[in-house]
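Participant: Here you go, final_29.txt (compact mmCIF, C-alpha atoms):
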# COMPACT_ATOMS: atom_id res chain seq x y z
CA MET A 268 -12.23 -22.62 6.98
CA THR A 269 -13.68 -21.87 3.54
CA ASP A 270 -11.62 -20.45 0.70
CA LYS A 271 -13.51 -17.16 1.02
CA GLU A 272 -12.68 -16.82 4.73
CA LEU A 273 -9.05 -17.77 4.17
CA ILE A 274 -8.67 -15.28 1.31
CA ARG A 275 -10.27 -12.58 3.45
CA LYS A 276 -7.74 -13.26 6.21
CA ILE A 277 -4.88 -13.23 3.71
CA LYS A 278 -6.01 -9.88 2.33
CA GLU A 279 -5.91 -8.40 5.82
CA LEU A 280 -2.15 -8.72 5.51
CA LYS A 281 -2.29 -5.71 3.21
CA GLU A 282 -1.94 -3.82 6.47
CA VAL A 283 1.76 -4.67 6.32
CA LYS A 284 3.27 -1.50 4.92
CA PRO A 285 6.58 0.29 5.16
CA ARG A 286 6.91 3.44 7.25
CA LYS A 287 6.01 6.48 5.15
CA ASP A 288 9.02 8.52 6.29
CA TRP A 289 11.32 5.60 5.50
CA VAL A 290 9.77 5.36 2.01
CA VAL A 291 10.40 9.04 1.34
CA PHE A 292 13.90 8.97 2.80
CA THR A 293 14.94 5.84 0.90
CA LYS A 294 13.67 7.26 -2.36
CA SER A 295 15.72 10.39 -1.88
CA GLN A 296 18.77 8.26 -0.99
CA ILE A 297 18.48 6.10 -4.09
CA LEU A 298 17.44 8.68 -6.66
CA GLY A 299 19.23 11.60 -5.09
CA GLU A 300 22.65 9.91 -5.16
CA ASP A 301 22.93 10.62 -8.87
CA VAL A 302 22.65 14.40 -8.67
CA HIS A 303 26.44 14.85 -8.96
CA SER A 304 26.83 12.33 -11.78
CA GLU A 305 24.59 14.53 -13.94
CA GLY A 306 27.40 17.04 -14.07
CA VAL A 307 25.66 19.81 -12.11
CA HIS A 308 28.37 22.10 -10.87
CA ILE A 309 26.96 23.87 -7.86
CA TRP A 310 29.83 26.36 -7.60
CA SER A 311 28.89 27.94 -10.91
CA VAL A 312 25.45 28.95 -9.56
CA PHE A 313 27.04 31.39 -7.13
CA GLN A 314 28.57 33.37 -9.96
CA TRP A 315 25.05 34.82 -10.60
CA ARG A 316 24.59 36.33 -7.13
CA THR A 317 22.07 39.09 -7.87
CA ALA A 318 19.83 36.81 -9.92
CA LEU A 319 19.88 34.29 -7.09
CA ALA A 320 18.07 36.37 -4.44
CA PRO A 321 14.48 35.76 -5.67
CA VAL A 322 15.36 32.16 -6.49
CA ILE A 323 16.64 31.59 -2.98
CA SER A 324 13.49 33.18 -1.50
CA VAL A 325 11.33 30.81 -3.51
CA LEU A 326 13.49 27.87 -2.46
CA VAL A 327 13.22 28.89 1.20
CA ILE A 328 9.44 28.99 0.91
CA ILE A 329 9.39 25.62 -0.87
CA GLY A 330 11.74 24.26 1.81
CA LEU A 331 9.40 25.56 4.47
CA PHE A 332 6.49 23.79 2.87
CA GLY A 333 8.62 20.69 2.42
CA PHE A 334 9.74 20.72 6.05
CA ALA A 335 6.18 21.39 7.17
CA GLN A 336 5.15 18.01 5.68
CA TYR A 337 6.89 16.29 8.60
CA THR A 338 5.11 18.33 11.30
CA VAL A 339 2.29 17.04 13.49
CA PRO A 340 -0.74 18.87 14.95
CA GLY A 341 0.48 21.17 17.69
CA ASP A 342 3.75 21.99 15.87
CA LEU A 343 4.38 25.58 14.76
CA LEU A 344 4.54 24.77 11.05
CA PHE A 345 1.58 22.40 11.01
CA SER A 346 -0.67 25.25 9.81
CA VAL A 347 1.57 25.50 6.71
CA LYS A 348 0.96 21.82 6.04
CA LYS A 349 -2.77 22.34 6.48
CA VAL A 350 -2.76 25.14 3.91
CA THR A 351 -1.20 22.78 1.34
CA GLU A 352 -3.78 20.12 2.13
CA THR A 353 -6.71 22.56 1.99
CA VAL A 354 -5.62 23.80 -1.44
CA GLN A 355 -5.25 20.19 -2.62
CA VAL A 356 -8.78 19.33 -1.50
CA GLY A 357 -10.19 22.56 -2.93
CA LEU A 358 -8.78 21.77 -6.37
CA SER A 359 -10.05 18.19 -6.42
CA SER A 360 -13.16 16.89 -8.18
CA ALA A 361 -16.28 15.54 -6.47
CA ILE A 362 -14.99 11.96 -6.64
CA GLU A 363 -11.40 12.83 -5.70
CA LYS A 364 -12.49 14.81 -2.61
CA PRO A 365 -13.60 11.91 -0.37
CA GLN A 366 -10.57 9.84 -1.45
CA LEU A 367 -8.30 12.73 -0.55
CA ARG A 368 -10.05 13.30 2.79
CA LEU A 369 -9.65 9.64 3.66
CA GLU A 370 -5.96 9.78 2.73
CA LEU A 371 -5.59 12.86 4.95
CA ALA A 372 -7.38 11.09 7.78
CA ASN A 373 -4.94 8.18 7.38
CA LYS A 374 -2.11 10.72 7.48
CA ARG A 375 -3.49 12.07 10.76
CA LEU A 376 -3.44 8.53 12.15
CA GLU A 377 0.21 8.14 11.14
CA GLU A 378 0.94 11.41 12.91
CA LEU A 379 -0.89 10.10 15.98
CA MET A 380 1.28 7.00 15.88
CA ARG A 381 4.41 9.16 15.71
CA ILE A 382 3.14 11.26 18.60
CA ALA A 383 2.53 8.09 20.61
CA GLN A 384 6.01 6.77 19.85
CA ALA A 385 7.56 10.09 20.88
CA ASN A 386 5.36 10.28 24.01
CA ASP A 387 4.42 13.81 22.95
CA VAL A 388 1.41 14.27 25.24
CA ASN A 389 0.92 17.94 24.30
CA SER A 390 0.30 17.15 20.63
CA LEU A 391 -2.13 14.31 21.33
CA GLY A 392 -5.26 16.49 21.83
CA PRO A 393 -4.79 18.62 18.67
CA ALA A 394 -3.94 15.50 16.63
CA ILE A 395 -7.11 13.68 17.71
CA GLU A 396 -9.16 16.80 16.93
CA GLU A 397 -7.65 17.07 13.44
CA PHE A 398 -8.38 13.38 12.81
CA GLN A 399 -12.01 13.76 13.88
CA GLY A 400 -12.35 16.80 11.62
CA ASN A 401 -11.03 14.89 8.61
CA ILE A 402 -13.35 11.94 9.33
CA SER A 403 -16.47 14.14 9.52
CA LYS A 404 -15.63 15.88 6.26
CA ALA A 405 -14.88 12.55 4.55
CA ALA A 406 -18.28 11.23 5.69
CA GLU A 407 -19.99 14.36 4.28
CA ASP A 408 -18.17 14.01 0.95
CA LEU A 409 -19.04 10.31 0.70
CA ALA A 410 -22.70 11.04 1.38
CA ALA A 411 -22.66 13.65 -1.39
CA ILE A 412 -21.53 11.19 -4.10
CA ASN A 413 -24.26 10.55 -6.63
CA VAL A 414 -23.45 7.24 -8.32
CA ASN A 415 -25.62 8.14 -11.31
CA VAL A 416 -23.84 11.43 -11.92
CA THR A 417 -20.47 11.61 -10.19
CA THR A 418 -19.21 8.16 -10.97
CA SER A 419 -20.20 4.56 -11.01
CA ASP A 420 -16.74 3.40 -12.04
CA PRO A 421 -16.22 0.27 -9.94
CA VAL A 422 -12.44 0.75 -9.85
CA VAL A 423 -12.75 4.28 -8.45
CA LEU A 424 -15.30 3.21 -5.87
CA LYS A 425 -13.23 0.16 -4.97
CA GLY A 426 -10.31 2.51 -4.27
CA LEU A 427 -12.52 4.58 -1.96
CA MET A 428 -13.68 1.56 -0.05
CA GLU A 429 -10.18 0.16 0.33
CA GLU A 430 -8.97 3.51 1.66
CA ALA A 431 -11.86 3.57 4.15
CA LYS A 432 -11.14 0.00 5.21
CA GLU A 433 -7.46 0.85 5.68
CA LEU A 434 -8.55 3.80 7.81
CA THR A 435 -10.64 1.60 10.10
CA GLN A 436 -7.78 -0.85 10.49
CA ASN A 437 -5.21 1.90 11.15
CA LYS A 438 -7.54 3.50 13.67
CA LYS A 439 -7.74 0.21 15.60
CA LYS A 440 -3.95 -0.04 15.57
CA VAL A 441 -3.52 3.48 16.92
CA GLU A 442 -6.21 2.93 19.58
CA ASN A 443 -4.42 -0.28 20.66
CA VAL A 444 -1.17 1.63 21.10
CA LEU A 445 -2.68 4.69 22.78
CA GLY A 446 -5.10 2.67 24.89
CA THR A 447 -7.88 5.14 24.09
CA GLN A 448 -10.44 5.90 21.39
CA VAL A 449 -9.34 8.51 18.91
CA GLY A 450 -12.67 9.31 17.30
CA ASP A 451 -16.04 8.08 16.21
CA THR A 452 -16.24 6.68 12.69
CA GLN A 453 -19.93 5.76 12.83
CA ASP A 454 -20.95 8.50 10.37
CA LEU A 455 -18.19 7.45 8.01
CA GLU A 456 -19.14 3.77 8.21
CA SER A 457 -22.79 4.63 7.67
CA ALA A 458 -21.95 6.86 4.67
CA LEU A 459 -19.77 4.09 3.27
CA MET A 460 -22.49 1.49 3.66
CA GLN A 461 -24.98 3.75 1.88
CA LEU A 462 -22.47 4.29 -0.92
CA GLU A 463 -21.89 0.54 -1.21
CA LYS A 464 -25.66 0.01 -1.40
CA LYS A 465 -26.21 2.73 -4.02
CA THR A 466 -23.26 1.56 -6.08
CA ALA A 467 -24.25 -2.10 -5.96
CA ALA A 468 -27.85 -1.25 -6.93
CA HIS A 469 -26.68 0.92 -9.81
CA LEU A 470 -24.21 -1.66 -11.12
CA ILE A 471 -26.65 -4.58 -10.79
CA ALA A 472 -29.29 -2.62 -12.73
CA ASP A 473 -26.69 -1.85 -15.38
CA LEU A 474 -25.58 -5.50 -15.66
CA GLU A 475 -29.16 -6.73 -15.95
CA GLU A 476 -29.46 -4.72 -19.17
CA ARG A 477 -26.50 -6.53 -20.72
CA THR A 478 -26.10 -9.91 -22.32
CA LEU A 479 -23.90 -12.00 -20.04
CA SER A 480 -22.24 -15.37 -20.37
CA GLU A 481 -23.56 -18.21 -18.21
CA GLU A 482 -20.65 -17.85 -15.79
CA ASP A 483 -21.19 -14.10 -15.48
CA GLN A 484 -24.90 -14.65 -15.01
CA ILE A 485 -24.13 -16.87 -12.01
CA LEU A 486 -21.91 -14.15 -10.53
CA LEU A 487 -24.67 -11.60 -11.05
CA GLU A 488 -27.20 -13.83 -9.31
CA GLU A 489 -24.81 -14.26 -6.39
CA ALA A 490 -24.35 -10.50 -6.27
CA LYS A 491 -28.12 -10.02 -6.15
CA GLU A 492 -28.44 -12.57 -3.35
CA HIS A 493 -25.85 -10.73 -1.29
CA PHE A 494 -27.58 -7.42 -2.05
CA ASP A 495 -30.95 -8.75 -0.90
CA ALA A 496 -29.31 -10.00 2.29
CA GLY A 497 -27.91 -6.52 2.96
CA GLU A 498 -24.34 -7.71 2.29
CA TYR A 499 -23.49 -4.82 -0.05
CA SER A 500 -19.70 -5.13 0.07
CA LEU A 501 -19.95 -8.84 -0.83
CA ALA A 502 -22.34 -7.94 -3.66
CA LEU A 503 -19.74 -5.48 -4.94
CA GLU A 504 -16.97 -8.13 -4.69
CA LYS A 505 -18.98 -10.34 -7.05
CA ILE A 506 -19.57 -7.46 -9.44
CA TRP A 507 -15.88 -6.56 -9.43
CA MET A 508 -14.99 -10.19 -10.18
CA LEU A 509 -17.31 -9.89 -13.17
CA SER A 510 -15.72 -6.64 -14.35
CA ASN A 511 -12.15 -7.91 -13.96
CA LYS A 512 -12.52 -10.90 -16.25
CA MET B 1319 18.77 11.52 -16.96
CA SER B 1320 16.09 13.52 -15.12
CA GLN B 1321 13.50 11.85 -17.36
CA LEU B 1322 14.85 8.44 -16.31
CA ARG B 1323 14.72 9.48 -12.68
CA LYS B 1324 11.12 10.58 -13.08
CA GLN B 1325 10.20 7.25 -14.66
CA PHE B 1326 11.92 5.24 -11.96
CA SER B 1327 10.41 7.44 -9.28
CA LYS B 1328 6.99 6.37 -10.55
CA ILE B 1329 8.11 2.74 -10.58
CA TYR B 1330 9.36 3.14 -6.99
CA ASP B 1331 6.07 4.67 -5.82
CA GLN B 1332 4.05 1.91 -7.47
CA ASN B 1333 6.13 -0.98 -6.16
CA VAL B 1334 7.79 -0.04 -2.85
CA GLU B 1335 4.85 -1.18 -0.69
CA ARG B 1336 4.44 -4.53 -2.39
CA ILE B 1337 8.16 -5.28 -2.47
CA TYR B 1338 8.46 -4.35 1.21
CA ARG B 1339 5.47 -6.52 2.10
CA PHE B 1340 6.81 -9.40 0.00
CA ILE B 1341 10.08 -9.29 1.93
CA PHE B 1342 8.60 -8.57 5.36
CA LEU B 1343 6.26 -11.54 5.16
CA LYS B 1344 9.32 -13.74 4.87
CA VAL B 1345 11.83 -12.10 7.19
CA SER B 1346 9.31 -10.79 9.79
CA SER B 1347 11.61 -7.95 10.78
CA GLN B 1348 11.02 -4.30 9.90
CA GLU B 1349 14.73 -3.50 9.98
CA ILE B 1350 15.76 -6.36 7.70
CA ALA B 1351 12.81 -5.76 5.36
CA GLU B 1352 13.76 -2.09 5.05
CA ASP B 1353 17.41 -2.92 4.33
CA LEU B 1354 16.55 -5.51 1.71
CA THR B 1355 13.86 -3.37 0.09
CA SER B 1356 16.27 -0.48 -0.14
CA GLU B 1357 18.80 -2.80 -1.78
CA VAL B 1358 16.17 -4.03 -4.26
CA PHE B 1359 15.48 -0.54 -5.49
CA THR B 1360 19.13 0.48 -5.48
CA ARG B 1361 19.93 -2.44 -7.77
CA GLY B 1362 16.75 -1.91 -9.74
CA TRP B 1363 17.62 1.75 -10.35
CA GLN B 1364 21.14 0.86 -11.49
CA ALA B 1365 19.87 -1.79 -13.90
CA TYR B 1366 17.08 0.48 -15.12
CA LYS B 1367 19.52 3.29 -15.89
CA ASP B 1368 21.94 0.95 -17.69
CA GLN B 1369 19.22 -0.60 -19.81
CA ARG B 1370 17.43 2.65 -20.64
CA LEU B 1371 20.60 4.54 -21.51
CA LYS B 1372 21.53 1.76 -23.92
CA THR B 1373 18.17 1.89 -25.69
CA LYS B 1374 17.36 5.61 -25.50
CA ASP B 1375 18.10 6.13 -29.17
CA GLN B 1376 15.43 3.59 -30.02
CA LYS B 1377 12.90 5.50 -27.85
CA GLU B 1378 11.57 2.30 -26.31
CA LYS B 1379 8.46 2.67 -24.24
CA CYS B 1380 9.00 1.92 -20.57
CA ASP B 1381 7.33 -1.40 -19.74
CA ILE B 1382 6.38 -1.05 -16.10
CA LYS B 1383 5.08 -4.61 -15.76
CA ASN B 1384 8.45 -6.08 -16.76
CA VAL B 1385 10.21 -3.84 -14.26
CA THR B 1386 7.88 -5.11 -11.51
CA ALA B 1387 8.78 -8.70 -12.37
CA PHE B 1388 12.44 -7.71 -12.36
CA LEU B 1389 12.15 -6.10 -8.92
CA TYR B 1390 10.52 -9.24 -7.53
CA GLN B 1391 13.36 -11.32 -8.96
CA ILE B 1392 15.89 -9.13 -7.18
CA ALA B 1393 13.88 -9.39 -3.96
CA ARG B 1394 13.77 -13.19 -4.17
CA ASN B 1395 17.51 -13.34 -4.74
CA LEU B 1396 18.23 -11.01 -1.83
CA ILE B 1397 16.01 -13.01 0.52
CA ALA B 1398 17.81 -16.19 -0.52
CA ASP B 1399 21.19 -14.50 0.05
CA HIS B 1400 20.06 -13.23 3.42
CA TYR B 1401 19.09 -16.70 4.62
CA ARG B 1402 22.18 -18.26 3.10
CA GLN B 1403 24.30 -15.91 5.19
CA LYS B 1404 22.21 -16.64 8.26
CA ALA B 1405 22.53 -20.40 7.66
CA GLN B 1406 26.31 -20.09 7.39
CA ALA B 1407 26.40 -18.12 10.62
CA GLN B 1408 23.95 -20.23 12.59
CA PHE B 1409 23.94 -23.68 10.85
CA VAL B 1410 20.16 -23.68 10.68
CA SER B 1411 18.13 -25.26 7.84
CA MET B 1412 16.43 -22.62 5.63
CA GLU B 1413 13.15 -24.48 5.40
CA ASN B 1414 12.84 -24.78 9.15
CA VAL B 1415 13.86 -21.25 10.11
CA THR B 1416 11.57 -19.80 12.73
CA PRO B 1417 10.61 -16.29 11.67
CA VAL B 1418 12.82 -13.86 13.56
CA VAL B 1419 11.01 -10.92 15.11
CA ASP B 1420 13.01 -7.85 15.98
CA THR B 1421 13.64 -7.75 19.73
CA GLY B 1422 13.75 -3.97 19.43
CA VAL B 1423 10.19 -4.06 18.08
CA ASN B 1424 8.59 -0.62 17.97
CA LEU B 1425 5.10 0.37 19.07
CA GLU B 1426 3.69 0.02 15.57
CA GLU B 1427 4.90 -3.58 15.30
CA GLN B 1428 3.55 -4.33 18.76
CA ALA B 1429 0.11 -3.21 17.59
CA LEU B 1430 0.52 -5.28 14.45
CA LEU B 1431 1.44 -8.36 16.48
CA ARG B 1432 -1.54 -7.86 18.79
CA SER B 1433 -3.99 -7.81 15.93
CA ASP B 1434 -5.93 -10.88 15.02
CA PHE B 1435 -4.20 -11.65 11.70
CA ASP B 1436 -0.92 -12.64 13.36
CA GLY B 1437 -1.81 -16.33 13.01
CA VAL B 1438 -2.12 -15.97 9.24
CA ARG B 1439 1.09 -13.96 9.03
CA THR B 1440 3.06 -16.57 10.97
CA ALA B 1441 1.55 -19.45 8.99
CA LEU B 1442 2.38 -17.67 5.75
CA SER B 1443 5.99 -17.03 6.74
CA ASN B 1444 6.34 -20.73 7.61
CA LEU B 1445 4.96 -21.87 4.28
CA LYS B 1446 7.15 -23.29 1.53
CA GLU B 1447 8.85 -20.53 -0.47
CA ASP B 1448 6.98 -21.30 -3.72
CA TYR B 1449 3.59 -21.35 -2.02
CA ARG B 1450 4.14 -18.20 0.01
CA GLU B 1451 5.25 -16.25 -3.06
CA VAL B 1452 2.20 -17.06 -5.17
CA ILE B 1453 -0.16 -16.28 -2.30
CA VAL B 1454 1.47 -12.88 -1.76
CA TRP B 1455 1.55 -12.07 -5.46
CA TYR B 1456 -1.97 -13.25 -6.29
CA TYR B 1457 -4.00 -12.27 -3.24
CA LEU B 1458 -2.04 -9.36 -1.75
CA ASP B 1459 -0.29 -7.72 -4.68
CA GLU B 1460 -3.18 -8.70 -7.01
CA LEU B 1461 -0.90 -9.69 -9.84
CA LYS B 1462 -2.63 -11.58 -12.63
CA VAL B 1463 -1.71 -15.20 -13.38
CA PRO B 1464 0.19 -14.31 -16.60
CA GLU B 1465 2.35 -11.83 -14.66
CA ILE B 1466 3.17 -14.42 -12.00
CA ALA B 1467 3.93 -16.97 -14.71
CA LYS B 1468 6.40 -14.53 -16.20
CA ILE B 1469 8.18 -13.97 -12.88
CA LEU B 1470 8.45 -17.70 -12.20
CA GLY B 1471 9.14 -18.74 -15.77
CA LYS B 1472 6.27 -21.24 -15.63
CA SER B 1473 3.11 -21.86 -17.61
CA GLU B 1474 -0.12 -20.15 -16.55
CA GLU B 1475 -1.69 -23.52 -15.85
CA ALA B 1476 1.17 -24.47 -13.54
CA VAL B 1477 0.73 -21.19 -11.68
CA ARG B 1478 -3.01 -21.76 -11.22
CA VAL B 1479 -2.32 -25.19 -9.78
CA GLN B 1480 0.34 -23.75 -7.50
CA ILE B 1481 -2.05 -21.09 -6.18
CA HIS B 1482 -4.65 -23.74 -5.44
CA ARG B 1483 -2.11 -25.95 -3.64
CA ALA B 1484 -0.67 -22.97 -1.78
CA LEU B 1485 -4.09 -22.04 -0.41
CA ASN B 1486 -4.64 -25.60 0.79
CA ALA B 1487 -1.19 -25.72 2.36
CA LEU B 1488 -1.86 -22.46 4.21
CA ARG B 1489 -5.17 -23.80 5.46
CA GLU B 1490 -3.39 -26.89 6.79
CA LYS B 1491 -0.77 -24.73 8.54
CA LEU B 1492 -3.50 -22.71 10.22
CA ARG B 1493 -5.37 -25.84 11.20
CA GLY B 1494 -2.18 -27.23 12.73
CA ALA B 1495 -1.56 -24.03 14.64
CA HIS B 1496 -5.01 -24.11 16.21
CA LYS B 1497 -4.70 -27.68 17.51
Here is the file; what I need is its structure written in the form of C-alpha cells.
Facilitator:
Amino acid sequence: MTDKELIRKIKELKEVKPRKDWVVFTKSQILGEDVHSEGVHIWSVFQWRTALAPVISVLVIIGLFGFAQYTVPGDLLFSVKKVTETVQVGLSSAIEKPQLRLELANKRLEELMRIAQANDVNSLGPAIEEFQGNISKAAEDLAAINVNVTTSDPVVLKGLMEEAKELTQNKKKVENVLGTQVGDTQDLESALMQLEKKTAAHLIADLEERTLSEEDQILLEEAKEHFDAGEYSLALEKIWMLSNK
Amino acid sequence: MSQLRKQFSKIYDQNVERIYRFIFLKVSSQEIAEDLTSEVFTRGWQAYKDQRLKTKDQKEKCDIKNVTAFLYQIARNLIADHYRQKAQAQFVSMENVTPVVDTGVNLEEQALLRSDFDGVRTALSNLKEDYREVIVWYYLDELKVPEIAKILGKSEEAVRVQIHRALNALREKLRGAHK
C-alpha cells in the first residue's frame, strides 16, 4: 500500500465523531455548573413581577425554539426548527449558502439515524423527504458558485468539499442501518465535481502567473497532470499542499 | 466570568470532536470515550478559569493553540489512568490490550463497524501509543509539526521521524492483518 493510499484510509477515520446531542449536553453540564458560583440570586428576580411578564414571554418563545432544535421531521415543532433554518440560509452569503445547506442535510441524516434508533416508522417518510429537499438545494447552490467572482479561496472551498464528503459517508451509514436508500445525491456529486474542476482550473491558472520555487513547481506540475487526467480532487490536494506551506 | 465562559465555549466547540476521536481511537468504546472526553473538558475548564482569573489584570490574550495542547495532555493522562485501572482489575498488559468494543453497541456503531475502514481503525488502536498519537494528530486533527512537538516536548525533527516511522508501523500492522 502506498503512503497516499494509507493516508487516505487514515483520513477516513475522521468519520469518528461524538454524538451531537451528547456534545451539546456535556457542554451545558460543564459550563452550566458555574451559574450559581457567579452569585446570581434567582429569588431576587421574582421581586420584579410586573416587569417579568414580557421577559417570560420572550423566554418561552426562545425555549420553544430551543426545544424545537431537538425535533425531527414529522414532529409538531419541527416547522419551528425549519423557520430558524430558513432564516439562517436567507441571511447567508453566496458562498455560505451551499455550506449551510450541506450542514442542514447532514443534520437531516442525524435525525434519520435517531428515527431509525427509535424505530419511529411514521417520521421516516417526512425525514427522507426533507433530506432530499436539502440535497437538491445544496446542488443548486453549488452549481451557482462562480469561482471567479464568489470565491476562489482554497480554504473555503476545501471546507465545502469536506462537508460534502462527510455527507456522502453519513448517507452510506444511514442507508446501512435503514437497509434502504434515502435519496439520490447524483446531482450533488455532479455539481461538486464541476466545482472541483472550475476551482482547480482557476487556481492552476493563478499559480502559473506566479514565480514558484522548484519544489512548488513540481507540485504544480503534478496538479496539472491530475487535472488533465480528470482527477480534480487530487489536483486540488496538490494545490492545497502548495498553499499550506 | 461570562467572558471566560464564552472563551472556553469556543475552545470546547473547536476541540471536542478531535479530543473525542483521539480518545475513541484508543478505547474503542463510545461510552468510555464520552466519559473521558467529558472529564478532559471539566478539568480543562477548571484549569482555564484558574489561570485566566489569575492573569485577568494583565489582560493576556487567550492562546487557543496552547489550550489545545493542554487538553491533549489531559486526555493522554486520562487514557493512561483508565488503562492502569483496567490493568489492576484484570492483570492484563497495557501494550497487548485488545481494544474493547461496547457489547451494548448502538446502531450507529454497528454501521461504523460494518464500514470498510474498520481494519485501519483496529490497526491504529493496536499501534504503539507514541505512533498512534502522532498519526491521529498529524493526519486526522491536522496539527502542524511544531504543535505536535510542543505537546510531546520533542524537537520538530524528532516528530517528523516519528510520523514517518508511525506510518510504516501502521502499514505493517495492516499487512499482518490481511495475511
Participant: Record the distance separating CA of His493 (chain A) and CA of Asn437 (chain A), expressed in Å with one decimal.
Facilitator: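 Separating CA of His493 (chain A) from CA of Asn437 (chain A) is a distance of 27.2 Å.
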Participant: Report as a list in words the set of chain A residues whose atoms approach chain B to within 6 Å, with distances computed over all atoms listed in the file.
Facilitator: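 Residues passing the distance filter: Lys278, Val283, Lys284, Ile297 and Lys440 of chain A.
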Participant: Interatomic distance between CA of His1400 (chain B) and CA of Arg1483 (chain B)?
Facilitator: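 Atom-to-atom, CA of His1400 (chain B) and CA of Arg1483 (chain B) are spaced 26.5 Å apart.
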Participant: List the spatial neighbours of Pro340 (chain A) as a PDB file with C-alpha atoms, in the frame of the given file - criterion: any atom at most 9 Å away, all atoms listed in the file, same-chain residues fewer than 6 positions off excluded.
Facilitator:
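Below is the file that was written, result_24.pdb:
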ATOM      1  CA  SER A 346      -0.670  25.250   9.810  1.00  0.00           C
ATOM      2  CA  ARG A 375      -3.490  12.070  10.760  1.00  0.00           C
ATOM      3  CA  GLU A 378       0.940  11.410  12.910  1.00  0.00           C
ATOM      4  CA  LEU A 379      -0.890  10.100  15.980  1.00  0.00           C
ATOM      5  CA  SER A 390       0.300  17.150  20.630  1.00  0.00           C
ATOM      6  CA  LEU A 391      -2.130  14.310  21.330  1.00  0.00           C
ATOM      7  CA  GLY A 392      -5.260  16.490  21.830  1.00  0.00           C
ATOM      8  CA  PRO A 393      -4.790  18.620  18.670  1.00  0.00           C
ATOM      9  CA  ALA A 394      -3.940  15.500  16.630  1.00  0.00           C
ATOM     10  CA  ILE A 395      -7.110  13.680  17.710  1.00  0.00           C
ATOM     11  CA  GLU A 396      -9.160  16.800  16.930  1.00  0.00           C
ATOM     12  CA  GLU A 397      -7.650  17.070  13.440  1.00  0.00           C
TER      13      GLU A 397
END
Participant: Within 10 Å of region 477-492 of chain A, counting all atoms listed in the file, which residues show up once you throw out same-chain ones fewer than 5 positions away? Write them as a list in words, please.
Facilitator: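 Neighbouring residues, sequence-local ones excluded: Ala467, Ala468, Leu470, Ile471, Ala472, Gly497, Glu498, Tyr499, Ser500, Leu501, Ala502, Leu503, Glu504, Lys505, Ile506, Trp507, Met508, Leu509, Ser510 and Lys512 of chain A.
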Participant: Quick one: pull the distance between CA of Gly1494 (chain B) and CA of Leu273 (chain A), Å, one decimal.
Facilitator: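 Computed distance, CA of Gly1494 (chain B) to CA of Leu273 (chain A), equals 14.5 Å.
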Participant: Calculated over all atoms listed in the file, which of the candidates A:Glu352, A:Asp473, A:Glu407, A:Asp495 has the smallest distance to Leu455 (chain A)?
Facilitator: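 So, comparing all the options, the nearest one is A:Glu407.
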Participant: How would region 1390-1403 of chain B look with N, CA and C atoms restored, written as a compact mmCIF listing (two decimals), in the frame of the given file?
Facilitator:
# COMPACT_ATOMS: atom_id res chain seq x y z
N TYR B 1390 10.83 -8.05 -8.33
CA TYR B 1390 10.52 -9.24 -7.53
C TYR B 1390 11.64 -10.26 -7.61
N GLN B 1391 12.24 -10.38 -8.81
CA GLN B 1391 13.36 -11.32 -8.96
C GLN B 1391 14.52 -10.92 -8.06
N ILE B 1392 14.80 -9.62 -8.03
CA ILE B 1392 15.89 -9.13 -7.18
C ILE B 1392 15.56 -9.43 -5.72
N ALA B 1393 14.30 -9.17 -5.35
CA ALA B 1393 13.88 -9.39 -3.96
C ALA B 1393 14.05 -10.85 -3.57
N ARG B 1394 13.64 -11.75 -4.46
CA ARG B 1394 13.77 -13.19 -4.17
C ARG B 1394 15.23 -13.56 -3.97
N ASN B 1395 16.08 -13.02 -4.84
CA ASN B 1395 17.51 -13.34 -4.74
C ASN B 1395 18.10 -12.80 -3.43
N LEU B 1396 17.69 -11.60 -3.06
CA LEU B 1396 18.23 -11.01 -1.83
C LEU B 1396 17.77 -11.76 -0.59
N ILE B 1397 16.51 -12.22 -0.62
CA ILE B 1397 16.01 -13.01 0.52
C ILE B 1397 16.81 -14.31 0.62
N ALA B 1398 17.04 -14.93 -0.51
CA ALA B 1398 17.81 -16.19 -0.52
C ALA B 1398 19.22 -15.94 0.01
N ASP B 1399 19.83 -14.83 -0.43
CA ASP B 1399 21.19 -14.50 0.05
C ASP B 1399 21.19 -14.26 1.55
N HIS B 1400 20.17 -13.56 2.00
CA HIS B 1400 20.06 -13.23 3.42
C HIS B 1400 20.04 -14.51 4.26
N TYR B 1401 19.21 -15.47 3.84
CA TYR B 1401 19.09 -16.70 4.62
C TYR B 1401 20.30 -17.60 4.45
N ARG B 1402 20.95 -17.49 3.30
CA ARG B 1402 22.18 -18.26 3.10
C ARG B 1402 23.23 -17.79 4.09
N GLN B 1403 23.32 -16.48 4.25
CA GLN B 1403 24.30 -15.91 5.19
C GLN B 1403 23.95 -16.29 6.61
